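**Q** Here it is: the structure, laid out below.
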Amino acid sequence: MRLSHTFAIVVALTVAGSVLAADWPHWRGPDHDGLAPDTGINKDWNNNPPEVLWQTPMHDGGYAGPSVADGRVFIIDHEGAEDVVRAIDLQTGEDLWKTRYPDLAKANYGYSRSTPVYDNGRLYAVSFLGKVTCLDAADGQIIWQVDMPGQLGGRIPTWGYAMSALIDGDRVVVVPGAANGCVAVLDKNTGELIWQGGSDDIAGYATPVKATIQGIEQYVVFTGKSLIGTRASDGELLWRVGWETPYDVNACTPIVSGDHVFVTSNYNRGCAVIAVEEGGARILGESQSMAAHFNTPVYYAGYLYGPSNPNLVCLDPRNLNVMWQQRGFERGGVVGVDGTIIAMSGNAGDVVMVEATPAGYNELGRIKPLGGQSWTAPIVADGKLIIRNKETLACLDLM
């Protein structure tokens, strides 16, 4: 199959020697693409491994992801039968506040697996059981809560809600997976329902994406049964492509480029490029070349880099050919920064820096600050690398 010219090449323009730093306020970073803008980072890990600045225990035994804004790390922990949203000082690792609310009592691959979203002084969190909670980011006070199953007719997926909220202007986009509307948009200030629409699919585990495709602003949503485009203004279903996997595990965030969307799932489903056209959408090309379980690849300079258990893979999305692959990464996540991919070895907990090039696998360094199962994607914020395993959250100096 030939998919040339379907994916636009992304070129990052940076000033030589400059050091850019930014927050990581929501899932997949400042531009929703898994790429950090920092440059001038330390790449000599063999002779100068990154210093661990701090560590703090996690009690959820799972995979919730961190975000960073205003000098704070936000993450959802769990104790007993309560979620615990934590604000942690980025410099010291000390807790600044904790807010608790009831949720799952017994672990199911941990508890919440979403990333808190920071927006204009507020925080938006999604729990395993589908509580969407808006908090004051300064002190953790709960401003509003919406229960997706109870108030929106949501159907809880087998392994719980795992998507993060998407903030779009004054709106919060979530995926309750209700029969009367898979997608819901809430007022971010009050939690009131603005619309509920899209298909009648059950929820997947992926975070929705805002995109303009064929000139129409829409939310691209990977549901439990398909990939859909829902008009942002009113929730009308614009297009749908069936994409079913065993156990309905569609967990990786769709990657949109122009009028094309890349998706990948595990359980022998593989990956595909979907063309969205006037009046519908179709699978343009499909392959087993990347089958990511739940960690989303990053798209950098025209190529995709991500996990395909047990490999780390570099994929050309124009033809779905594998440029290179390297064993030993299992279900670990990735982040792109300064021309490199920082990848987690999902089972062993190695943190590996790899050159972001299709020319071949070139490992620049490898460390193991935590070890153990590390399925949560690493993030980079303000020159720091933040990682976690099932027991510990850690911050490392990248500069």
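Here, A, B, ... name the chains of the structure tokens in the order displayed, residue numbers run from 1 inside each chain, and ligands are numbered from 1 in the same displayed order.
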Residues near A:Ile216, anyone? I mean within 10 Å using only C-alpha atoms, not counting same-chain ones fewer than 3 positions away, as an NGL selection string.

**A** :A and (211-213 or 219 or 229-233 or 238)

**Q** Need to verify the contact set: stretch 298-315 of chain A, 8 Å, only C-alpha atoms, exclusion of same-chain residues closer than 4 positions in sequence. Can you return it as a CSV table (one decimal) with C-alpha atoms, in the first residue's frame?

**A**
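Result file is result.csv:
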chain,number,residue,atom,x,y,z
A,7,PHE,CA,0.9,12.9,6.6
A,8,ALA,CA,2.5,16.3,6.6
A,9,ILE,CA,6.1,16.4,7.8
A,10,VAL,CA,6.4,18.2,11.1
A,11,VAL,CA,9.5,20.4,11.2
A,12,ALA,CA,10.6,21.9,14.6
A,33,ASP,CA,1.5,15.9,20.6
A,34,GLY,CA,3.8,14.2,23.2
A,35,LEU,CA,6.7,16.6,22.3
A,255,ILE,CA,-2.8,11.3,15.8
A,266,ASN,CA,-2.9,-4.2,20.5
A,289,SER,CA,3.7,-2.9,12.0
A,290,MET,CA,2.8,-1.1,15.2
A,291,ALA,CA,0.4,-2.5,17.7
A,292,ALA,CA,0.6,-0.3,20.8
A,293,HIS,CA,-1.4,-1.5,23.8
A,320,LEU,CA,3.3,1.9,7.4
A,321,ASN,CA,6.8,0.5,6.9
A,322,VAL,CA,9.0,-0.2,9.9
A,323,MET,CA,12.2,1.8,9.7
A,324,TRP,CA,13.7,0.1,12.7
A,325,GLN,CA,12.6,-1.7,15.8
A,326,GLN,CA,14.4,-2.6,19.1
A,327,ARG,CA,13.3,-5.2,21.6
A,328,GLY,CA,13.0,-4.8,25.3
A,329,PHE,CA,10.5,-2.0,25.7
A,330,GLU,CA,7.2,-3.9,26.2
A,331,ARG,CA,4.3,-1.5,27.0
A,332,GLY,CA,6.4,1.5,28.1
A,333,GLY,CA,5.6,5.0,27.1
A,334,VAL,CA,7.6,7.7,25.2
A,335,VAL,CA,8.1,11.4,25.1
A,336,GLY,CA,9.9,13.5,22.4
A,341,ILE,CA,12.9,10.0,22.2
A,356,ALA,CA,14.8,10.5,16.9
A,358,PRO,CA,14.6,6.9,10.9

**Q** DSSP on the backbone: which residues in stretch 188-399 of chain A end up as strand (DSSP E)? Give the answer as JSON, numbers by chain.

**A** {"A": [193, 194, 195, 196, 197, 209, 210, 211, 212, 213, 216, 217, 218, 219, 220, 221, 222, 226, 227, 228, 229, 230, 231, 237, 238, 239, 240, 241, 242, 255, 256, 257, 260, 261, 262, 263, 264, 265, 270, 271, 272, 273, 274, 275, 276, 277, 280, 281, 282, 283, 284, 285, 286, 287, 298, 299, 300, 303, 304, 305, 306, 307, 308, 311, 312, 313, 314, 315, 316, 321, 322, 323, 324, 325, 326, 327, 334, 335, 336, 337, 340, 341, 342, 343, 344, 351, 352, 353, 354, 355, 363, 364, 365, 366, 367, 379, 380, 381, 384, 385, 386, 387, 388, 392, 393, 394, 395, 396, 397]}

**Q** If we count only C-alpha atoms and set the cut-off at 7 Å, which residues sit around A:Gly191, ignoring sequence neighbours fewer than 5 positions away in its own chain? Please answer as a list in words.

**A** Trp144, Gln145, Val146 and Leu186 of chain A

**Q** What is the distance between atom CA of A:Asp187 and atom CA of A:Cys252, in Å to one decimal?

**A**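 Calculated distance between atom CA of A:Asp187 and atom CA of A:Cys252 is 25.6 Å.
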
**Q** If we count only C-alpha atoms and set the cut-off at 10 Å, which residues sit around A:Val221, ignoring sequence neighbours fewer than 5 positions away in its own chain? Please answer as a list in words.

**A**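 Selected residues are Val174, Val175, Cys182, Val183, Gly198, Ala203, Gly204, Tyr205, Ala206, Thr207, Pro208, Val209, Lys210, Ser226, Leu227, Ile228, Gly229, Thr230, Arg240, Thr253 and Pro254 of chain A.
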
**Q** So that I can see what lies close to A:Lys225, please list as a PyMOL selection string the residues with an atom at most 12 Å from it, counting only C-alpha atoms and leaving out residues fewer than 5 positions away in the same chain.

**A** chain A and resi 157+177+182+199-206+240-251+265

**Q** So what do you get for atom CA of A:Ile88 versus atom CA of A:Ile386, distance-wise?

**A**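 Separating atom CA of A:Ile88 from atom CA of A:Ile386 is a distance of 12.0 Å.
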